[in-house]
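Asks: entry26.pdb is the file, holding PDB, C-alpha atoms:
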MODEL        1
ATOM      1  CA  TRP Z 687     168.083  67.083 -98.777
ATOM      2  CA  MET Z 688     164.409  68.017 -98.645
ATOM      3  CA  ILE Z 689     163.609  64.676 -97.001
ATOM      4  CA  GLY Z 690     166.374  65.325 -94.462
ATOM      5  CA  VAL Z 691     165.052  68.811 -93.643
ATOM      6  CA  TYR Z 692     161.503  67.478 -93.368
ATOM      7  CA  THR Z 693     162.666  64.675 -91.067
ATOM      8  CA  MET Z 694     164.589  67.077 -88.809
ATOM      9  CA  LEU Z 695     161.651  69.477 -88.605
ATOM     10  CA  SER Z 696     159.281  66.587 -87.851
ATOM     11  CA  LEU Z 697     161.547  65.280 -85.093
ATOM     12  CA  GLY Z 698     161.921  68.755 -83.605
ATOM     13  CA  PHE Z 699     158.172  69.285 -83.667
ATOM     14  CA  LEU Z 700     157.630  65.840 -82.117
ATOM     15  CA  VAL Z 701     160.058  66.599 -79.257
ATOM     16  CA  TYR Z 702     158.351  69.957 -78.683
ATOM     17  CA  MET Z 703     154.854  68.428 -78.547
ATOM     18  CA  VAL Z 704     155.956  65.513 -76.323
ATOM     19  CA  GLY Z 705     157.422  68.067 -73.927
ATOM     20  CA  ASN Z 706     154.138  69.992 -73.847
ATOM     21  CA  VAL Z 707     152.114  66.829 -73.300
ATOM     22  CA  TRP Z 708     154.457  65.884 -70.453
ATOM     23  CA  LEU Z 709     153.929  69.311 -68.875
ATOM     24  CA  VAL Z 710     150.146  68.896 -69.087
ATOM     25  CA  TRP Z 711     150.428  65.576 -67.237
ATOM     26  CA  ARG Z 712     152.770  67.095 -64.632
ATOM     27  CA  MET Z 713     150.360  69.980 -64.035
ATOM     28  CA  GLY Z 714     147.594  67.491 -63.302
ATOM     29  CA  ALA Z 715     145.360  68.874 -66.049
ATOM     30  CA  ILE Z 716     144.802  65.345 -67.365
ATOM     31  CA  SER Z 717     145.521  61.959 -65.831
ATOM     32  CA  ALA Z 718     146.436  58.726 -67.583
ATOM     33  CA  VAL Z 719     143.003  57.334 -66.680
ATOM     34  CA  LYS Z 720     141.175  60.336 -68.141
ATOM     35  CA  PHE Z 721     143.288  60.180 -71.311
ATOM     36  CA  LEU Z 722     142.390  56.495 -71.657
ATOM     37  CA  GLN Z 723     138.705  57.394 -71.227
ATOM     38  CA  TYR Z 724     138.975  59.996 -73.991
ATOM     39  CA  PHE Z 725     140.879  57.457 -76.118
ATOM     40  CA  CYS Z 726     138.225  54.740 -75.743
ATOM     41  CA  ALA Z 727     135.300  57.164 -76.146
ATOM     42  CA  GLY Z 728     136.768  58.522 -79.385
ATOM     43  CA  GLY Z 729     137.544  55.059 -80.731
ATOM     44  CA  ILE Z 730     134.094  53.675 -79.919
ATOM     45  CA  SER Z 731     132.261  56.656 -81.416
ATOM     46  CA  ALA Z 732     134.279  56.559 -84.656
ATOM     47  CA  PHE Z 733     134.085  52.753 -84.931
ATOM     48  CA  LEU Z 734     130.303  52.572 -84.553
ATOM     49  CA  THR Z 735     129.435  55.491 -86.838
ATOM     50  CA  HIS Z 736     131.838  54.576 -89.653
ATOM     51  CA  ALA Z 737     130.784  50.917 -89.531
ATOM     52  CA  ALA Z 738     127.109  51.914 -89.727
ATOM     53  CA  CYS Z 739     127.794  54.194 -92.715
ATOM     54  CA  THR Z 740     129.811  51.612 -94.687
ATOM     55  CA  PRO Z 741     127.062  51.105 -97.348
ATOM     56  CA  LEU Z 742     126.847  54.865 -97.960
ATOM     57  CA  ASP Z 743     130.632  55.108 -98.125
ATOM     58  CA  MET Z 744     130.763  52.209-100.570
ATOM     59  CA  VAL Z 745     128.238  53.889-102.908
ATOM     60  CA  LYS Z 746     130.069  57.229-102.624
ATOM     61  CA  THR Z 747     133.424  55.626-103.460
ATOM     62  CA  ARG Z 748     131.944  53.873-106.517
ATOM     63  CA  LEU Z 749     130.524  57.194-107.746
ATOM     64  CA  GLN Z 750     133.979  58.766-107.390
ATOM     65  CA  THR Z 751     136.020  55.950-108.920
ATOM     66  CA  SER Z 752     133.553  55.134-111.743
ATOM     67  CA  PRO Z 753     132.202  58.484-112.965
ATOM     68  CA  GLY Z 754     129.497  58.207-115.611
ATOM     69  CA  VAL Z 755     128.681  54.570-114.820
ATOM     70  CA  TYR Z 756     125.846  55.401-112.443
ATOM     71  CA  GLU Z 757     123.176  58.081-112.855
ATOM     72  CA  GLY Z 758     123.191  58.975-109.168
ATOM     73  CA  PRO Z 759     123.420  57.603-105.616
ATOM     74  CA  ALA Z 760     120.060  55.806-105.736
ATOM     75  CA  ALA Z 761     120.827  54.230-109.123
ATOM     76  CA  ALA Z 762     124.269  53.175-107.911
ATOM     77  CA  PHE Z 763     122.758  51.559-104.823
ATOM     78  CA  ARG Z 764     120.210  49.581-106.867
ATOM     79  CA  THR Z 765     122.763  48.530-109.491
ATOM     80  CA  ILE Z 766     125.310  47.318-106.931
ATOM     81  CA  VAL Z 767     122.723  45.268-105.029
ATOM     82  CA  LYS Z 768     121.327  43.799-108.253
ATOM     83  CA  GLU Z 769     124.666  42.915-109.883
ATOM     84  CA  GLU Z 770     126.840  42.091-106.858
ATOM     85  CA  GLY Z 771     124.381  41.262-104.109
ATOM     86  CA  PRO Z 772     123.563  43.064-100.832
ATOM     87  CA  GLY Z 773     126.855  41.907 -99.290
ATOM     88  CA  ALA Z 774     128.766  44.132-101.723
ATOM     89  CA  LEU Z 775     127.553  47.169 -99.761
ATOM     90  CA  LEU Z 776     129.710  46.025 -96.840
ATOM     91  CA  LYS Z 777     132.956  45.852 -98.815
ATOM     92  CA  GLY Z 778     135.717  47.599 -96.910
ATOM     93  CA  LEU Z 779     133.912  47.175 -93.567
ATOM     94  CA  GLY Z 780     136.909  45.565 -91.853
ATOM     95  CA  ALA Z 781     139.354  48.261 -92.931
ATOM     96  CA  THR Z 782     136.826  50.985 -92.164
ATOM     97  CA  ALA Z 783     136.015  49.732 -88.667
ATOM     98  CA  SER Z 784     139.570  48.958 -87.549
ATOM     99  CA  GLY Z 785     141.151  51.980 -89.210
ATOM    100  CA  TYR Z 786     138.646  54.486 -87.902
ATOM    101  CA  PHE Z 787     138.639  53.035 -84.380
ATOM    102  CA  MET Z 788     142.325  53.881 -84.034
ATOM    103  CA  HIS Z 789     141.893  57.120 -85.961
ATOM    104  CA  GLY Z 790     139.021  58.280 -83.748
ATOM    105  CA  ALA Z 791     140.784  57.190 -80.574
ATOM    106  CA  PHE Z 792     143.898  59.220 -81.343
ATOM    107  CA  LYS Z 793     142.016  62.162 -82.863
ATOM    108  CA  TYR Z 794     139.614  62.793 -79.998
ATOM    109  CA  SER Z 795     142.049  62.064 -77.161
ATOM    110  CA  PHE Z 796     144.808  64.258 -78.557
ATOM    111  CA  TYR Z 797     142.269  66.968 -79.390
ATOM    112  CA  GLU Z 798     141.512  67.127 -75.662
ATOM    113  CA  VAL Z 799     145.233  67.186 -74.833
ATOM    114  CA  PHE Z 800     146.090  69.928 -77.323
ATOM    115  CA  LYS Z 801     143.167  72.049 -76.101
ATOM    116  CA  LEU Z 802     144.682  71.894 -72.608
ATOM    117  CA  ILE Z 803     148.090  72.882 -73.997
ATOM    118  CA  LEU Z 804     146.824  75.798 -76.089
ATOM    119  CA  ALA Z 805     144.004  77.245 -73.967
ATOM    120  CA  GLU Z 806     144.469  79.812 -71.174
ATOM    121  CA  SER Z 807     143.443  77.281 -68.526
ATOM    122  CA  PRO Z 808     142.023  73.737 -68.215
ATOM    123  CA  ALA Z 809     138.594  75.186 -67.351
ATOM    124  CA  VAL Z 810     138.488  77.263 -70.545
ATOM    125  CA  ALA Z 811     139.675  74.281 -72.609
ATOM    126  CA  VAL Z 812     136.843  72.110 -71.308
ATOM    127  CA  MET Z 813     133.964  74.601 -71.069
ATOM    128  CA  LYS Z 814     134.426  77.121 -73.893
ATOM    129  CA  PRO Z 815     137.652  76.925 -75.890
ATOM    130  CA  PRO Z 816     138.284  79.813 -78.307
ATOM    131  CA  LEU Z 817     137.772  78.826 -81.920
ATOM    132  CA  TYR Z 818     141.438  79.348 -82.768
ATOM    133  CA  VAL Z 819     142.328  76.849 -80.021
ATOM    134  CA  SER Z 820     139.870  74.329 -81.492
ATOM    135  CA  MET Z 821     141.375  74.905 -84.935
ATOM    136  CA  MET Z 822     144.974  74.317 -83.845
ATOM    137  CA  ALA Z 823     144.094  71.395 -81.557
ATOM    138  CA  GLY Z 824     142.118  69.711 -84.344
ATOM    139  CA  PHE Z 825     144.931  70.266 -86.838
ATOM    140  CA  LEU Z 826     147.598  68.739 -84.588
ATOM    141  CA  ALA Z 827     145.438  65.813 -83.475
ATOM    142  CA  GLU Z 828     144.522  64.938 -87.054
ATOM    143  CA  CYS Z 829     148.149  64.941 -88.209
ATOM    144  CA  ILE Z 830     148.853  62.253 -85.597
ATOM    145  CA  ALA Z 831     145.746  60.209 -86.390
ATOM    146  CA  CYS Z 832     146.383  60.212 -90.171
ATOM    147  CA  VAL Z 833     149.515  58.101 -89.748
ATOM    148  CA  LEU Z 834     147.304  55.218 -88.612
ATOM    149  CA  LEU Z 835     144.459  55.892 -91.014
ATOM    150  CA  THR Z 836     146.316  56.095 -94.348
ATOM    151  CA  PRO Z 837     147.063  52.355 -94.890
ATOM    152  CA  MET Z 838     143.495  51.436 -93.931
ATOM    153  CA  GLU Z 839     142.048  53.956 -96.375
ATOM    154  CA  ALA Z 840     144.279  52.546 -99.124
ATOM    155  CA  ILE Z 841     142.986  48.985 -98.761
ATOM    156  CA  ARG Z 842     139.380  50.118 -98.183
ATOM    157  CA  ILE Z 843     139.262  52.096-101.418
ATOM    158  CA  ARG Z 844     141.055  49.385-103.403
ATOM    159  CA  SER Z 845     138.685  46.659-102.118
ATOM    160  CA  VAL Z 846     135.648  48.742-103.145
ATOM    161  CA  ALA Z 847     137.007  49.795-106.553
ATOM    162  CA  ASP Z 848     138.667  46.459-107.472
ATOM    163  CA  GLN Z 849     136.550  43.336-106.995
ATOM    164  CA  SER Z 850     139.639  41.085-107.222
ATOM    165  CA  PHE Z 851     141.357  42.821-104.280
ATOM    166  CA  PRO Z 852     141.460  40.850-100.977
ATOM    167  CA  ILE Z 853     138.599  41.767 -98.623
ATOM    168  CA  GLY Z 854     140.277  41.025 -95.270
ATOM    169  CA  VAL Z 855     142.320  43.724 -93.513
ATOM    170  CA  ALA Z 856     145.450  41.621 -92.933
ATOM    171  CA  GLU Z 857     145.269  40.094 -96.416
ATOM    172  CA  GLY Z 858     144.756  43.486 -98.030
ATOM    173  CA  LEU Z 859     147.687  45.066 -96.188
ATOM    174  CA  ALA Z 860     149.958  42.126 -97.031
ATOM    175  CA  PHE Z 861     148.917  42.124-100.702
ATOM    176  CA  LEU Z 862     149.351  45.878-101.117
ATOM    177  CA  TYR Z 863     152.746  45.819 -99.418
ATOM    178  CA  LYS Z 864     153.876  42.900-101.604
ATOM    179  CA  VAL Z 865     152.782  44.580-104.844
ATOM    180  CA  GLU Z 866     153.658  48.227-104.163
ATOM    181  CA  GLY Z 867     155.743  48.160-100.985
ATOM    182  CA  PHE Z 868     155.677  50.846 -98.298
ATOM    183  CA  HIS Z 869     154.900  53.400-101.001
ATOM    184  CA  GLY Z 870     151.607  51.641-101.737
ATOM    185  CA  LEU Z 871     150.506  51.872 -98.118
ATOM    186  CA  TYR Z 872     151.379  55.550 -97.681
ATOM    187  CA  LYS Z 873     151.196  57.056-101.169
ATOM    188  CA  GLY Z 874     147.808  58.470-100.192
ATOM    189  CA  MET Z 875     149.197  60.302 -97.145
ATOM    190  CA  PRO Z 876     149.205  63.783 -98.769
ATOM    191  CA  SER Z 877     145.650  63.327-100.041
ATOM    192  CA  VAL Z 878     144.531  61.838 -96.706
ATOM    193  CA  LEU Z 879     145.889  64.945 -95.010
ATOM    194  CA  LEU Z 880     144.244  67.106 -97.692
ATOM    195  CA  LYS Z 881     140.940  65.411 -96.891
ATOM    196  CA  GLN Z 882     141.172  64.785 -93.163
ATOM    197  CA  VAL Z 883     142.822  67.977 -91.887
ATOM    198  CA  PRO Z 884     140.134  70.339 -93.319
ATOM    199  CA  TYR Z 885     137.530  67.758 -92.282
ATOM    200  CA  THR Z 886     138.703  67.594 -88.663
ATOM    201  CA  VAL Z 887     139.420  71.311 -88.316
ATOM    202  CA  GLY Z 888     135.998  72.078 -89.798
ATOM    203  CA  GLN Z 889     134.409  69.425 -87.578
ATOM    204  CA  PHE Z 890     135.786  70.708 -84.278
ATOM    205  CA  VAL Z 891     135.644  74.450 -84.989
ATOM    206  CA  SER Z 892     132.087  74.346 -86.315
ATOM    207  CA  PHE Z 893     131.040  71.966 -83.509
ATOM    208  CA  GLU Z 894     132.293  74.356 -80.828
ATOM    209  CA  PHE Z 895     130.559  77.236 -82.652
ATOM    210  CA  PHE Z 896     127.233  75.453 -83.138
ATOM    211  CA  LEU Z 897     127.403  74.033 -79.605
ATOM    212  CA  ILE Z 898     127.183  77.560 -78.188
ATOM    213  CA  LEU Z 899     124.176  78.378 -80.395
ATOM    214  CA  VAL Z 900     122.300  75.105 -79.827
ATOM    215  CA  LYS Z 901     122.914  75.188 -76.069
ATOM    216  CA  ARG Z 902     121.650  78.760 -75.883
ATOM    217  CA  MET Z 903     118.511  77.828 -77.847
ATOM    218  CA  ALA Z 904     117.892  74.880 -75.512
ATOM    219  CA  GLU Z 905     118.248  77.161 -72.480
ATOM    220  CA  LEU Z 906     115.830  79.691 -73.974
ATOM    221  CA  ALA Z 907     113.337  76.882 -74.600
ATOM    222  CA  SER Z 908     113.554  75.841 -70.922
ATOM    223  CA  PRO Z 909     114.110  79.053 -68.922
ATOM    224  CA  GLY Z 910     114.809  79.020 -65.196
ATOM    225  CA  GLN Z 911     116.872  75.817 -65.131
ATOM    226  CA  ASP Z 912     120.275  76.060 -63.492
ATOM    227  CA  LYS Z 913     121.532  72.696 -64.754
ATOM    228  CA  ILE Z 914     121.546  70.833 -68.041
ATOM    229  CA  SER Z 915     120.525  67.187 -67.752
ATOM    230  CA  SER Z 916     122.611  64.385 -69.223
ATOM    231  CA  THR Z 917     119.904  63.620 -71.792
ATOM    232  CA  THR Z 918     119.659  67.250 -72.890
ATOM    233  CA  ALA Z 919     123.466  67.535 -73.050
ATOM    234  CA  ALA Z 920     123.666  64.478 -75.307
ATOM    235  CA  ALA Z 921     120.934  65.892 -77.565
ATOM    236  CA  ILE Z 922     122.755  69.239 -77.755
ATOM    237  CA  SER Z 923     125.996  67.481 -78.729
ATOM    238  CA  MET Z 924     124.223  65.447 -81.429
ATOM    239  CA  THR Z 925     122.468  68.487 -82.925
ATOM    240  CA  ALA Z 926     125.651  70.564 -83.004
ATOM    241  CA  GLY Z 927     127.463  67.569 -84.521
ATOM    242  CA  LEU Z 928     124.873  67.200 -87.292
ATOM    243  CA  MET Z 929     125.340  70.845 -88.242
ATOM    244  CA  ALA Z 930     129.121  70.578 -88.016
ATOM    245  CA  GLY Z 931     129.007  67.562 -90.333
ATOM    246  CA  ILE Z 932     127.642  69.655 -93.183
ATOM    247  CA  VAL Z 933     130.515  72.140 -92.902
ATOM    248  CA  ALA Z 934     133.163  69.417 -92.577
ATOM    249  CA  GLY Z 935     131.731  67.436 -95.498
ATOM    250  CA  VAL Z 936     131.776  70.331 -97.960
ATOM    251  CA  ILE Z 937     135.282  71.618 -97.219
ATOM    252  CA  SER Z 938     136.858  68.142 -97.267
ATOM    253  CA  GLN Z 939     135.104  66.795-100.384
ATOM    254  CA  PRO Z 940     137.852  67.655-102.939
ATOM    255  CA  GLY Z 941     140.465  65.833-100.849
ATOM    256  CA  ASP Z 942     138.161  62.831-100.467
ATOM    257  CA  THR Z 943     137.635  62.599-104.240
ATOM    258  CA  ILE Z 944     141.369  62.882-104.990
ATOM    259  CA  LEU Z 945     142.103  60.225-102.359
ATOM    260  CA  SER Z 946     139.605  57.818-103.918
ATOM    261  CA  LYS Z 947     141.040  58.304-107.427
ATOM    262  CA  LEU Z 948     144.644  58.069-106.198
ATOM    263  CA  ASN Z 949     144.102  54.753-104.404
ATOM    264  CA  GLN Z 950     141.896  53.297-107.134
ATOM    265  CA  GLN Z 951     144.798  51.631-108.947
ATOM    266  CA  GLU Z 952     148.549  51.119-108.962
ATOM    267  CA  SER Z 953     150.547  54.219-109.770
ATOM    268  CA  GLU Z 954     154.112  55.483-109.788
ATOM    269  CA  GLY Z 955     155.811  58.833-109.571
ATOM    270  CA  PRO Z 956     155.630  61.745-107.087
ATOM    271  CA  VAL Z 957     152.359  61.700-105.167
ATOM    272  CA  LEU Z 958     151.858  65.469-105.320
ATOM    273  CA  HIS Z 959     152.226  65.365-109.109
ATOM    274  CA  GLN Z 960     149.636  62.578-109.309
ATOM    275  CA  MET Z 961     147.260  64.637-107.148
ATOM    276  CA  LEU Z 962     147.620  67.659-109.433
ATOM    277  CA  VAL Z 963     147.005  65.513-112.514
ATOM    278  CA  ILE Z 964     143.835  64.079-110.947
ATOM    279  CA  ALA Z 965     142.607  67.536-109.889
ATOM    280  CA  ARG Z 966     143.154  68.974-113.388
ATOM    281  CA  ALA Z 967     141.454  65.999-115.034
ATOM    282  CA  LEU Z 968     138.393  66.184-112.798
ATOM    283  CA  GLY Z 969     137.973  69.952-112.748
ATOM    284  CA  PRO Z 970     136.082  71.895-110.057
ATOM    285  CA  LYS Z 971     132.819  70.045-110.664
ATOM    286  CA  GLY Z 972     134.473  66.639-110.714
ATOM    287  CA  LEU Z 973     136.137  67.253-107.356
ATOM    288  CA  PHE Z 974     132.670  67.252-105.771
ATOM    289  CA  LEU Z 975     131.550  63.896-107.187
ATOM    290  CA  GLY Z 976     129.368  62.055-104.664
ATOM    291  CA  LEU Z 977     128.890  65.173-102.493
ATOM    292  CA  SER Z 978     125.186  64.611-101.782
ATOM    293  CA  THR Z 979     125.783  61.065-100.576
ATOM    294  CA  ARG Z 980     128.783  62.115 -98.520
ATOM    295  CA  LEU Z 981     126.956  65.034 -96.866
ATOM    296  CA  ILE Z 982     124.321  62.642 -95.542
ATOM    297  CA  GLN Z 983     127.023  60.234 -94.447
ATOM    298  CA  VAL Z 984     129.290  62.823 -92.797
ATOM    299  CA  SER Z 985     126.487  64.731 -91.080
ATOM    300  CA  CYS Z 986     125.056  61.545 -89.574
ATOM    301  CA  MET Z 987     128.526  60.297 -88.614
ATOM    302  CA  ILE Z 988     129.664  63.446 -86.839
ATOM    303  CA  GLY Z 989     126.310  63.905 -85.116
ATOM    304  CA  GLY Z 990     126.442  60.286 -83.981
ATOM    305  CA  GLN Z 991     130.083  60.562 -82.942
ATOM    306  CA  PHE Z 992     129.542  63.523 -80.645
ATOM    307  CA  LEU Z 993     126.402  61.894 -79.237
ATOM    308  CA  ILE Z 994     128.339  58.713 -78.394
ATOM    309  CA  TYR Z 995     131.550  60.522 -77.395
ATOM    310  CA  ASP Z 996     129.889  62.865 -74.916
ATOM    311  CA  SER Z 997     127.587  60.098 -73.632
ATOM    312  CA  VAL Z 998     130.610  57.909 -72.850
ATOM    313  CA  LYS Z 999     132.280  60.885 -71.153
ATOM    314  CA  ILE Z1000     129.192  61.399 -68.997
ATOM    315  CA  LEU Z1001     129.201  57.694 -68.065
ATOM    316  CA  CYS Z1002     132.861  58.084 -67.048
ATOM    317  CA  GLY Z1003     132.011  61.056 -64.843
ATOM    318  CA  ILE Z1004     133.488  63.661 -67.214
ATOM    319  CA  GLN Z1005     131.346  66.755 -67.775
ATOM    320  CA  PRO Z1006     131.207  67.649 -71.493
ATOM    321  CA  ALA Z1007     130.892  71.239 -72.672
ATOM    322  CA  SER Z1008     127.269  70.593 -73.674
ATOM    323  CA  ALA Z1009     126.415  69.970 -69.990
ATOM    324  CA  VAL Z1010     127.915  73.277 -68.778
ATOM    325  CA  PRO Z1011     125.331  76.103 -68.625
ATOM    326  CA  SER Z1012     126.135  79.035 -70.904
ATOM    327  CA  ALA Z1013     126.326  81.475 -67.977
ATOM    328  CA  VAL Z1014     128.974  79.355 -66.254
ATOM    329  CA  ALA Z1015     131.019  78.849 -69.434
ATOM    330  CA  ASN Z1016     130.856  82.558 -70.291
ATOM    331  CA  ALA Z1017     131.900  83.553 -66.765
ATOM    332  CA  VAL Z1018     134.913  81.230 -66.842
ATOM    333  CA  ALA Z1019     135.989  82.433 -70.293
ATOM    334  CA  GLN Z1020     135.516  86.085 -69.290
ATOM    335  CA  SER Z1021     137.439  85.747 -66.029
ATOM    336  CA  HIS Z1022     140.448  84.186 -67.736
ATOM    337  CA  SER Z1023     140.308  86.721 -70.565
ATOM    338  CA  THR Z1024     140.364  89.543 -68.003
ATOM    339  CA  SER Z1025     143.235  87.975 -66.052
ATOM    340  CA  VAL Z1026     145.302  87.649 -69.247
ATOM    341  CA  ARG Z1027     144.848  91.348 -69.973
TER     342      ARG Z1027
ENDMDL
END
Would it be possible to restate this file's structure as structure tokens?

Replies:
Amino acid sequence: WMIGVYTMLSLGFLVYMVGNVWLVWRMGAISAVKFLQYFCAGGISAFLTHAACTPLDMVKTRLQTSPGVYEGPAAAFRTIVKEEGPGALLKGLGATASGYFMHGAFKYSFYEVFKLILAESPAVAVMKPPLYVSMMAGFLAECIACVLLTPMEAIRIRSVADQSFPIGVAEGLAFLYKVEGFHGLYKGMPSVLLKQVPYTVGQFVSFEFFLILVKRMAELASPGQDKISSTTAAAISMTAGLMAGIVAGVISQPGDTILSKLNQQESEGPVLHQMLVIARALGPKGLFLGLSTRLIQVSCMIGGQFLIYDSVKILCGIQPASAVPSAVANAVAQSHSTSVR
């Protein structure tokens, strides 16, 4: 009966959100072309940054799945290269690149859509969304994106932790489905949500917060300028993204560790019970295994993602929030706040 209730609630929520998205399109707040631009920009930014960070992710996953084997990130890196060759650092690249392209495409595009749905007006959503709007939009967008990401994370982690596991994406999916069925592909869904939802909410909320601070500092450094150049806007986005990456990395680390341990090997039984067993076995300190490596990885990834994402938006003729002067953004937010009152 719990599955039935969950299914009915999920369907009701889906109908509600589809209706809201349809209204946004009907209002002209976003066109199909602009949505496709957001979709491609998000996919490209996530694909490039996750692919570039594959070696760091491989080392981090080994530290999580083989605690005590390596003395630290540097020792793990040297040992893996020495024993398995440099190519071992690229294990899971296919699953990482393909999985995170779709994940980033859906996450960023639906983040833009949900901001338009939740904010007071399209102008506020684009220029200076309230932090609670960023939080809710990030939460909803990530729930959608996780459906596509979960199977890819399962085969990525298994290919890194188990040297006998197929390396190719199609082969890995087929093998995992044959051995464990649909459960094997999606048993990590709760832990993926536990990792990705705090990660994405922290990413977007802290990005919007740091964007205001970094943009203001840039304006103070160059007083008297009425416009923000495309180059400066991209640099502002990257800097705010680097800072947001630190926040997102810390708050999502326990979920990332549990996900790695859960997908490390075959397992049976309720997933939530398995997650609790893993959390108890690791303890508070164990849940932050590989944190230093992951902070470097996540900070660079999110900084790079916002740099690429906003640069692609600029190329498409879309003005990102980093290119809107603070005075203009504040005036728009203030005018809509006053009108609401």

Asks: In Å, with one decimal, what is the gap from CA of Leu879 (chain Z) to CA of His789 (chain Z)?

Replies: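 So the answer is 12.6 Å.
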
Asks: So what does the PyMOL selection byres ((chain Z and resi 814-823) around 7) actually pick up in this one, as a ChimeraX atom specification?

Replies: /Z:797,800-801,804-805,810-813,824-827,887,890-891,1007,1015,1019

Asks: The PyMOL selection byres ((chain Z and resi 926) around 9) on the file shown: which residues, as a PyMOL selection string?

Replies: chain Z and resi 892-901+921-925+927-931+989+992

Asks: If the PyMOL selection byres ((chain Z and resi 1005) around 12) were run on this exact file, what residues would it hold? Put them as a VMD selection string.

Replies: chain Z and resid 720 724 809 812 to 813 913 to 916 919 to 920 995 to 1004 1006 to 1011

Asks: Which one of Z:Met903, Z:Met987, Z:Leu776, Z:Ala737 sits closest to Ser845 (chain Z) if you count all atoms listed in the file?

Replies: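 Closest residue, counting all atoms listed in the file: Z:Leu776.
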
Asks: Taking all atoms listed in the file into account, name the residue in Z:Asp743, Z:Ile994, Z:Gly771, Z:Thr751 that is nearest to Leu968 (chain Z).

Replies: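 When distances to Leu968 (chain Z) are compared using all atoms listed in the file, the smallest one comes from Z:Thr751.
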
Asks: Quick one, how far is CA of Gln960 (chain Z) from CA of Gly854 (chain Z)?

Replies: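 Between these atoms lies a distance of 27.4 Å.
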
Asks: Name the closest residue to Leu749 (chain Z) among the candidates Z:Leu834, Z:Ile730, Z:Ala762, Z:Val984; distances are taken between atoms, counting only C-alpha atoms.

Replies: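 Of Z:Leu834, Z:Ile730, Z:Ala762, Z:Val984, the one nearest Leu749 (chain Z), counting only C-alpha atoms, is Z:Ala762.
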
Asks: Which one of Z:Gly729, Z:Pro940, Z:Pro741, Z:Gly758 sits closest to Lys881 (chain Z) if you count only C-alpha atoms?

Replies: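 So, comparing all the options, the nearest one is Z:Pro940.
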
Asks: If we count all atoms listed in the file and set the cut-off at 9 Å, which residues sit around Val855 (chain Z), ignoring sequence neighbours fewer than 6 positions away in its own chain? Please answer as a PyMOL selection string.

Replies: chain Z and resi 778+780-781+784+838+841-842

Asks: Can you spit out the residues from that selection as a CSV table (one decimal), keeping the file's coordinate frame, using C-alpha atoms?

Replies:
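What landed in again.csv:
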chain,number,residue,atom,x,y,z
Z,778,GLY,CA,135.7,47.6,-96.9
Z,780,GLY,CA,136.9,45.6,-91.9
Z,781,ALA,CA,139.4,48.3,-92.9
Z,784,SER,CA,139.6,49.0,-87.5
Z,838,MET,CA,143.5,51.4,-93.9
Z,841,ILE,CA,143.0,49.0,-98.8
Z,842,ARG,CA,139.4,50.1,-98.2
